[in-house]
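Next comes data-v3.cif, a file with mmCIF, C-alpha atoms.
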```cif
data_entry
loop_
_atom_site.label_atom_id
_atom_site.label_comp_id
_atom_site.auth_asym_id
_atom_site.auth_seq_id
_atom_site.Cartn_x
_atom_site.Cartn_y
_atom_site.Cartn_z
CA MET D 109 98.63 158.18 153.17
CA GLU D 110 97.45 160.67 150.57
CA LYS D 111 95.83 163.72 152.12
CA LYS D 112 92.10 163.93 151.46
CA ARG D 113 91.19 167.11 149.60
CA ALA D 114 88.12 169.27 149.90
CA SER D 115 85.40 168.60 147.35
CA LYS D 116 85.97 171.95 145.63
CA ASN D 117 89.76 171.53 145.43
CA ARG D 118 90.56 171.42 141.71
CA THR D 119 94.33 171.08 142.00
CA LEU D 120 95.63 168.79 139.26
CA THR D 121 96.39 165.18 140.16
CA VAL D 122 97.90 162.38 138.06
CA SER D 123 97.26 158.70 138.76
CA GLU D 124 99.75 155.88 138.29
CA THR D 125 97.80 154.64 135.28
CA GLU D 126 97.90 158.10 133.74
CA ARG D 127 101.66 158.37 134.30
CA SER D 128 102.38 155.35 132.12
CA LEU D 129 100.27 156.81 129.32
CA LEU D 130 101.56 160.37 129.67
CA LYS D 131 105.17 159.18 129.61
CA LYS D 132 104.66 158.04 126.02
CA ARG D 133 103.87 161.63 125.04
CA LEU D 134 107.17 163.04 126.38
CA PHE D 135 110.22 163.71 124.24
CA PHE D 136 113.40 162.15 125.63
CA PRO D 137 116.33 163.47 123.57
CA ASP D 138 119.36 161.42 122.69
CA LYS D 139 122.81 162.93 122.16
CA MET D 140 122.06 164.01 118.60
CA GLU D 141 121.21 167.54 117.53
CA MET D 142 117.49 168.21 117.52
CA THR D 143 115.49 169.78 114.71
CA ALA D 144 112.69 172.26 115.16
CA ALA D 145 110.23 169.73 113.72
CA GLN D 146 111.22 167.10 116.30
CA ILE D 147 110.49 169.30 119.31
CA THR D 148 107.52 171.30 118.05
CA ASN D 149 104.61 170.92 120.48
CA LYS D 150 106.69 168.69 122.75
CA THR D 151 107.54 168.53 126.42
CA ILE D 152 111.25 167.72 126.49
CA CYS D 153 112.08 165.74 129.62
CA ALA D 154 115.77 166.43 130.14
CA ASP D 155 118.39 168.44 132.00
CA LEU D 156 118.80 171.78 130.20
CA PHE D 157 122.57 171.72 130.73
CA GLU D 158 122.85 168.40 128.94
CA ILE D 159 120.86 169.34 125.84
CA MET D 160 121.12 173.12 125.34
CA ASP D 161 123.93 172.71 122.80
CA LEU D 162 121.72 170.32 120.83
CA LEU D 163 118.81 172.72 120.40
CA PRO D 164 118.28 174.18 116.91
CA SER D 165 119.35 177.78 116.29
CA GLU D 166 116.93 180.63 115.52
CA PHE D 167 113.71 178.60 115.61
CA ALA D 168 111.79 180.36 118.43
CA ASP D 169 109.76 183.55 118.08
CA LEU D 170 109.50 184.00 121.84
CA LEU D 171 111.40 182.85 124.91
CA ILE D 172 109.63 182.81 128.25
CA ILE D 173 112.17 182.04 130.95
CA ASP D 174 111.25 181.40 134.57
CA PRO D 175 114.49 180.07 136.10
CA PRO D 176 115.03 179.17 139.75
CA TYR D 177 115.25 182.40 141.71
CA ASN D 178 118.25 182.99 143.95
CA LEU D 179 116.49 181.27 146.85
CA ASP D 180 116.62 177.94 148.64
CA LYS D 181 113.85 176.04 146.90
CA ASP D 182 112.89 172.39 146.48
CA PHE D 183 111.34 171.64 143.10
CA GLY D 184 110.01 168.16 143.75
CA GLY D 185 113.37 166.80 144.88
CA PHE D 186 115.45 169.00 142.58
CA LYS D 187 116.91 171.52 145.01
CA PHE D 188 118.29 174.98 144.20
CA SER D 189 120.49 176.68 146.77
CA LYS D 190 120.71 180.39 147.45
CA THR D 191 124.06 181.99 146.72
CA ASN D 192 125.56 185.48 146.29
CA ASP D 193 124.93 187.81 143.35
CA GLU D 194 128.21 187.01 141.63
CA ALA D 195 127.63 183.27 141.69
CA TYR D 196 124.01 183.63 140.60
CA PHE D 197 125.06 185.78 137.65
CA GLU D 198 127.59 183.11 136.65
CA TYR D 199 124.79 180.54 136.85
CA LEU D 200 122.68 182.63 134.47
CA LYS D 201 125.63 183.10 132.13
CA SER D 202 126.22 179.33 132.03
CA TRP D 203 123.05 178.78 129.99
CA PHE D 204 121.51 182.11 128.90
CA PRO D 205 123.68 182.69 125.77
CA GLN D 206 122.84 179.24 124.43
CA ILE D 207 119.13 179.81 124.94
CA ILE D 208 119.30 183.19 123.19
CA ARG D 209 120.89 181.32 120.27
CA THR D 210 117.54 179.57 119.70
CA LEU D 211 115.75 182.88 119.17
CA LYS D 212 114.93 184.23 115.71
CA PRO D 213 116.54 187.58 114.75
CA GLU D 214 113.22 189.37 115.33
CA GLY D 215 112.35 187.38 118.45
CA SER D 216 111.64 188.52 122.00
CA VAL D 217 112.52 187.24 125.46
CA TYR D 218 110.98 187.62 128.92
CA ILE D 219 112.76 186.48 132.07
CA CYS D 220 111.19 186.35 135.54
CA GLY D 221 112.65 186.96 138.97
CA ASP D 222 112.16 188.52 142.38
CA TRP D 223 113.83 191.60 143.88
CA LYS D 224 116.84 189.60 145.09
CA SER D 225 117.68 188.28 141.64
CA THR D 226 116.52 191.19 139.47
CA PHE D 227 119.93 192.92 139.49
CA CYS D 228 121.49 189.84 137.91
CA LEU D 229 118.61 189.48 135.46
CA TYR D 230 119.11 193.07 134.33
CA GLN D 231 122.81 192.39 133.75
CA ILE D 232 122.31 189.22 131.72
CA MET D 233 119.58 190.82 129.61
CA ARG D 234 121.68 193.95 129.07
CA ASP D 235 124.62 191.85 127.90
CA TYR D 236 122.74 189.57 125.48
CA THR D 237 119.57 191.41 124.40
CA ILE D 238 118.27 194.88 123.67
CA LEU D 239 116.45 195.77 126.87
CA ARG D 240 112.93 197.11 126.29
CA ASN D 241 111.19 197.26 129.65
CA ARG D 242 110.70 195.86 133.15
CA ILE D 243 107.25 194.62 134.11
CA ILE D 244 106.34 194.63 137.79
CA TRP D 245 103.80 191.98 138.68
CA GLN D 246 101.97 192.50 141.96
CA ARG D 247 101.29 188.93 142.98
CA GLU D 248 99.75 189.66 146.40
CA LYS D 249 100.89 186.40 147.93
CA GLY D 250 103.44 185.67 150.58
CA ARG D 251 103.78 185.95 154.31
CA GLY D 252 104.16 189.28 155.99
CA ALA D 253 107.39 190.16 157.75
CA LYS D 254 107.69 191.56 161.28
CA ALA D 255 110.68 193.78 160.47
CA ASN D 256 110.39 194.28 156.70
CA TRP D 257 107.89 194.99 153.92
CA LYS D 258 105.87 192.08 152.61
CA ASN D 259 107.41 190.73 149.41
CA ALA D 260 104.40 190.98 147.09
CA ALA D 261 105.84 191.71 143.64
CA GLU D 262 108.06 190.14 141.00
CA ASP D 263 109.90 191.47 137.98
CA ILE D 264 109.68 190.35 134.37
CA TRP D 265 112.42 191.80 132.15
CA PHE D 266 111.56 192.24 128.46
CA GLY D 267 114.17 192.31 125.71
CA THR D 268 114.55 191.63 122.00
CA LYS D 269 117.28 190.07 119.92
CA GLY D 270 117.32 192.91 117.41
CA GLU D 271 115.96 196.36 116.71
CA LYS D 272 113.04 194.95 114.72
CA TYR D 273 110.58 192.81 116.68
CA TYR D 274 106.94 191.74 116.90
CA PHE D 275 104.64 193.48 119.39
CA ASN D 276 100.84 193.37 119.15
CA LEU D 277 99.47 196.14 121.36
CA ASP D 278 95.82 195.59 120.42
CA ALA D 279 95.98 191.96 121.54
CA VAL D 280 96.76 192.87 125.15
CA LYS D 281 94.50 195.81 125.86
CA GLN D 282 92.70 195.71 129.17
CA LYS D 283 88.96 196.01 129.64
CA ARG D 284 88.35 198.34 132.57
CA LEU D 285 85.11 198.89 134.42
CA VAL D 286 83.98 202.52 134.09
CA LEU D 287 83.03 203.82 137.54
CA ALA D 288 82.36 207.42 136.54
CA PRO D 289 81.24 207.46 132.88
CA TYR D 290 81.90 210.90 131.40
CA LYS D 291 80.05 212.17 128.35
CA GLU D 292 80.94 214.88 125.89
CA ASN D 293 78.16 216.35 123.74
CA GLY D 294 75.92 213.61 125.07
CA LYS D 295 78.21 210.81 123.87
CA PRO D 296 80.53 208.54 125.88
CA LYS D 297 84.10 209.89 126.06
CA ASP D 298 86.75 207.17 125.84
CA TRP D 299 84.35 204.40 126.86
CA GLU D 300 81.60 202.26 125.37
CA GLU D 301 78.22 201.07 126.52
CA THR D 302 77.38 197.60 125.26
CA PRO D 303 75.19 194.70 126.38
CA ASP D 304 78.14 193.75 128.62
CA GLY D 305 78.07 197.09 130.43
CA LYS D 306 80.14 200.28 130.50
CA PHE D 307 83.85 199.79 129.86
CA ARG D 308 86.92 201.23 128.26
CA LEU D 309 89.83 199.51 126.57
CA THR D 310 93.14 200.82 127.83
CA CYS D 311 96.71 200.32 126.67
CA PRO D 312 98.65 197.96 128.94
CA GLY D 313 101.27 199.38 131.27
CA ASN D 314 104.26 197.75 132.89
CA PHE D 315 102.64 197.46 136.33
CA TRP D 316 100.32 194.47 136.48
CA ASP D 317 97.97 194.30 139.45
CA ASP D 318 95.15 192.34 137.83
CA ILE D 319 96.52 188.79 138.01
CA SER D 320 95.85 186.26 140.77
CA ILE D 321 98.25 183.46 141.64
CA PRO D 322 96.66 180.04 140.98
CA TYR D 323 95.03 178.57 144.06
CA TRP D 324 93.24 175.36 145.01
CA SER D 325 89.82 176.14 143.51
CA MET D 326 91.21 177.04 140.07
CA PRO D 327 91.46 174.26 137.47
CA GLU D 328 94.90 175.48 136.34
CA ASN D 329 96.37 174.96 139.81
CA THR D 330 99.10 172.37 140.43
CA CYS D 331 101.36 171.58 143.38
CA HIS D 332 104.34 173.30 141.75
CA PRO D 333 105.94 175.68 144.29
CA ALA D 334 106.40 178.55 141.85
CA GLN D 335 103.63 178.23 139.25
CA LYS D 336 102.89 181.26 137.10
CA PRO D 337 99.26 182.18 136.28
CA GLU D 338 97.93 181.44 132.80
CA LYS D 339 96.69 185.02 132.49
CA LEU D 340 100.20 186.39 133.02
CA ILE D 341 101.72 184.11 130.40
CA ALA D 342 98.87 184.87 127.99
CA LYS D 343 99.79 188.56 128.03
CA LEU D 344 103.40 187.79 127.12
CA ILE D 345 102.47 185.40 124.31
CA LEU D 346 99.76 187.57 122.74
CA ALA D 347 102.01 190.62 122.80
CA SER D 348 105.21 189.05 121.53
CA CYS D 349 104.47 185.92 119.51
CA PRO D 350 102.59 185.94 116.20
CA GLU D 351 99.83 183.43 115.56
CA ASN D 352 101.28 180.00 114.81
CA GLY D 353 104.66 181.24 116.07
CA MET D 354 106.94 179.20 118.33
CA VAL D 355 107.28 179.70 122.09
CA LEU D 356 110.20 178.07 123.94
CA ASP D 357 110.30 177.69 127.72
CA PRO D 358 113.59 176.19 128.98
CA PHE D 359 112.32 175.85 132.59
CA SER D 360 108.76 174.78 131.85
CA GLY D 361 107.87 173.46 135.33
CA SER D 362 104.19 172.48 135.44
CA GLY D 363 103.72 173.54 131.82
CA THR D 364 101.83 176.82 132.05
CA THR D 365 103.66 178.39 129.09
CA LEU D 366 103.05 175.35 126.91
CA VAL D 367 99.38 175.10 127.83
CA VAL D 368 98.70 178.79 127.21
CA ALA D 369 100.58 178.71 123.91
CA LYS D 370 98.38 175.83 122.77
CA LYS D 371 95.19 177.58 123.90
CA LEU D 372 96.20 180.70 121.95
CA GLY D 373 97.11 178.91 118.72
CA ARG D 374 100.89 179.03 119.03
CA LYS D 375 103.44 176.25 118.73
CA TYR D 376 105.50 175.41 121.77
CA ALA D 377 108.42 173.50 123.22
CA GLY D 378 109.31 173.17 126.88
CA ILE D 379 112.27 171.70 128.73
CA GLU D 380 111.83 170.23 132.22
CA VAL D 381 114.10 167.88 134.17
CA ASN D 382 111.46 166.74 136.68
CA GLU D 383 109.50 163.89 135.12
CA GLU D 384 106.52 164.36 137.44
CA TYR D 385 106.20 167.98 136.35
CA CYS D 386 106.30 166.76 132.76
CA PHE D 387 103.36 164.47 133.51
CA TRP D 388 101.43 167.44 134.92
CA THR D 389 102.22 169.38 131.76
CA GLU D 390 100.99 166.66 129.45
CA LYS D 391 97.76 166.17 131.38
CA ARG D 392 97.11 169.91 131.28
CA LEU D 393 97.75 169.90 127.54
CA LEU D 394 95.24 167.09 127.06
CA LEU D 395 92.66 168.89 129.20
CA SER D 396 93.09 172.02 127.09
CA ASP D 397 91.71 170.14 124.08
CA ASN D 398 88.26 170.52 125.62
CA ASP D 399 88.72 173.72 127.61
CA ARG D 400 90.66 176.64 126.14
CA ARG D 401 89.48 179.22 128.64
CA ILE D 402 92.00 181.46 130.40
CA GLN D 403 90.77 183.03 133.61
CA GLY D 404 90.54 186.81 133.23
CA TYR D 405 90.75 186.72 129.42
CA SER D 406 87.46 186.78 127.51
CA ASN D 407 86.32 187.81 124.03
CA GLY D 408 89.82 188.87 123.03
CA VAL D 409 90.51 191.25 125.94
CA PHE D 410 91.90 191.09 129.45
CA TRP D 411 89.52 192.05 132.24
CA GLU D 412 90.54 193.69 135.48
CA ARG D 413 90.66 191.29 138.38
CA ASN D 414 87.15 190.09 139.31
CA THR D 415 85.36 192.67 137.10
CA LEU D 416 83.94 190.27 134.50
CA ASN D 417 81.45 188.88 137.03
CA LEU D 418 80.79 192.39 138.36
CA GLN D 419 79.78 193.50 134.88
CA LYS D 420 77.41 190.57 134.54
CA LYS D 421 75.82 191.28 137.94
CA GLU D 422 75.45 194.96 137.10
CA ASN D 423 73.71 194.12 133.84
CA ARG D 424 71.21 191.90 135.66
CA LYS D 425 70.29 194.82 137.91
CA GLN D 426 69.48 197.15 135.05
CA PRO D 427 65.76 197.42 134.13
CA THR D 428 64.93 196.17 130.68
CA ALA D 429 63.34 198.54 128.17
CA LYS D 430 59.68 197.96 127.41
#
```

Whole structure, structure tokens version:
Amino acid sequence: MEKKRASKNRTLTVSETERSLLKKRLFFPDKMEMTAAQITNKTICADLFEIMDLLPSEFADLLIIDPPYNLDKDFGGFKFSKTNDEAYFEYLKSWFPQIIRTLKPEGSVYICGDWKSTFCLYQIMRDYTILRNRIIWQREKGRGAKANWKNAAEDIWFGTKGEKYYFNLDAVKQKRLVLAPYKENGKPKDWEETPDGKFRLTCPGNFWDDISIPYWSMPENTCHPAQKPEKLIAKLILASCPENGMVLDPFSGSGTTLVVAKKLGRKYAGIEVNEEYCFWTEKRLLLSDNDRRIQGYSNGVFWERNTLNLQKKENRKQPTAK
């Protein structure tokens, strides 16, 4: 029997009737080479290893790669088994070069992993890209350990295909709440006072502690065991993919990359072997037609975690001028 959910649980569900309709939206490749036009704005339901040689070359502006980490994990019946570093690196090498082939000469790539796999991710990125940075994402989720530190962070390695690449700093600035507003000559120093409150826009760093993992009361939440937040993916896309550019995700899972790309006016293509996950993706894409909001991203800037509502509450407290 299906477990009854709380009334406020907004986790995505797909009915049997919806599955038959959503299946018609999926792209099932044959054994012929694909063109960029064929797979633009498509969820490709297929095994990456069977189709990666058929993907077009140099069509993507941005790769966002979230492969299985070197852990024992069940992805809806598709199981990945933990192995040693050498074997995991060979696994990465079995597909990574072919995915890099799809990237434009001025394109960028981000690849995600945890501390156990990050050594191998560094190696594969070093060998096939120009390494630019490592982002540490503090995800604040996971069980504590009795004889170890709680694993509460993940890595995202950033690289480019060439020396010249797209990066839009202004698009990813963070809106920070000013707790101690300092003035110089009677004027705000490095901050602004607007109808929204006192804030400053700051340049983004490579330590991200302002992003919550999707949970049951968020409309973006699915039952995928390793879903990335829309806010996290939005930062990568806005920084490294021009408007109307193409984003490719070869392990698209529940479709977060595709959904965010659509919300932000980019083209997309995703590859996912699990048909149920593809259904989730397509339903999320349909829902985004009527709701393009991204939690934590408003009016063209990223807010610190939970501060958007704090600003609104603070404004309501302020006396109005007479």

Surrounding residues of Ile219 in chain D excluding itself and chain neighbours under 2 positions, 6 Å, only C-alpha atoms, as a PyMOL selection string: chain D and resi 173-174+264-265

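Between CA of Phe157 in chain D and CA of Leu393 in chain D the interatomic distance comes to 25.1 Å.
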
Matched chain/residue IDs from the PyMOL selection byres ((chain D and resi 304-312) around 7), as a list in words: Val280, Lys281, Gln282, Lys283, Arg284, Leu285, Val286, Asp298, Trp299, Glu300, Glu301, Thr302, Pro303, Gly313, Asn314, Gln419, Lys420 and Asn423 of chain D

Expand the PyMOL selection byres ((chain D and resi 247-259) around 8) into the individual residues it matches in the shown file, reporting them as an mmCIF file with C-alpha atoms, in the coordinates of the input.
```
data_model
loop_
_atom_site.group_PDB
_atom_site.id
_atom_site.type_symbol
_atom_site.label_atom_id
_atom_site.label_comp_id
_atom_site.auth_asym_id
_atom_site.auth_seq_id
_atom_site.Cartn_x
_atom_site.Cartn_y
_atom_site.Cartn_z
ATOM 1 C CA TRP D 245 103.800 191.980 138.680
ATOM 2 C CA GLN D 246 101.970 192.500 141.960
ATOM 3 C CA ALA D 260 104.400 190.980 147.090
ATOM 4 C CA ALA D 261 105.840 191.710 143.640
ATOM 5 C CA GLU D 262 108.060 190.140 141.000
ATOM 6 C CA ASP D 317 97.970 194.300 139.450
ATOM 7 C CA ILE D 319 96.520 188.790 138.010
ATOM 8 C CA SER D 320 95.850 186.260 140.770
ATOM 9 C CA ILE D 321 98.250 183.460 141.640
#
```

Matched chain/residue IDs from the PyMOL selection byres ((chain D and resi 184-192) around 12), as a count of residues only: 34

Taking all atoms listed in the file into account, produce a table as JSON lines in which each residue of range 128-208 of chain D with an atom at most 9 Å from an atom of range 233-239 of chain D appears once, together with its shortest atom pair and the distance in Å to one decimal, ordered by chain and rising number.
```
{"residue": "D:Phe204", "atom": "CA", "partner": "D:Tyr236", "partner_atom": "CA", "distance": 8.3}
{"residue": "D:Pro205", "atom": "CA", "partner": "D:Tyr236", "partner_atom": "CA", "distance": 6.9}
{"residue": "D:Ile208", "atom": "CA", "partner": "D:Tyr236", "partner_atom": "CA", "distance": 7.6}
```

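Atom to atom, CA of Glu412 in chain D and CA of Ala347 in chain D stand 17.4 Å apart.
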
Residues within 12 Å of Glu126 in chain D, only C-alpha atoms, excluding chain neighbours under 3 positions, as a VMD selection string: chain D and resid 121 to 123 129 to 133 384 387 to 388 390 to 391 394

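The shortest atom-to-atom distance to Arg413 in chain D, with only C-alpha atoms taken into account, belongs to D:Lys339 out of D:Lys339, D:Leu229, D:Asp263, D:Lys371.
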
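Separating CA of Ile243 in chain D from CA of Glu214 in chain D is a distance of 20.4 Å.
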
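Residue nearest Asp169 in chain D within the list D:Ile402, D:Ile152, D:Val217, D:Leu340: D:Val217 [criterion: smallest interatomic distance, only C-alpha atoms].
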
Test item: residues at most 7 Å from Arg118 in chain D, all atoms listed in the file, excluding those fewer than 6 positions along its chain, as a ChimeraX atom specification: /D:324-327

All residues 9 Å or closer to Tyr376 in chain D, only C-alpha atoms, same chain fewer than 4 positions away omitted, as a PyMOL selection string: chain D and resi 147-151+168+353-357+365-367+369-370

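Using only C-alpha atoms, the nearest neighbour of Pro213 in chain D within the list D:Leu162, D:Cys349, D:Gly270, D:Arg242 is D:Gly270.
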
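Residue nearest Asp138 in chain D, chosen from D:Ile207, D:Lys272, D:Leu171, D:Glu158 and counting all atoms listed in the file: D:Glu158.
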
Best match for closeness to Gly215 in chain D among D:Val368, D:Ser115, D:Ser348, D:Ala154, counting all atoms listed in the file: D:Ser348

Closest of D:Thr119, D:Asn241, D:Ser360, D:Thr210 to Thr330 in chain D - atom-to-atom distances counting only C-alpha atoms: D:Thr119
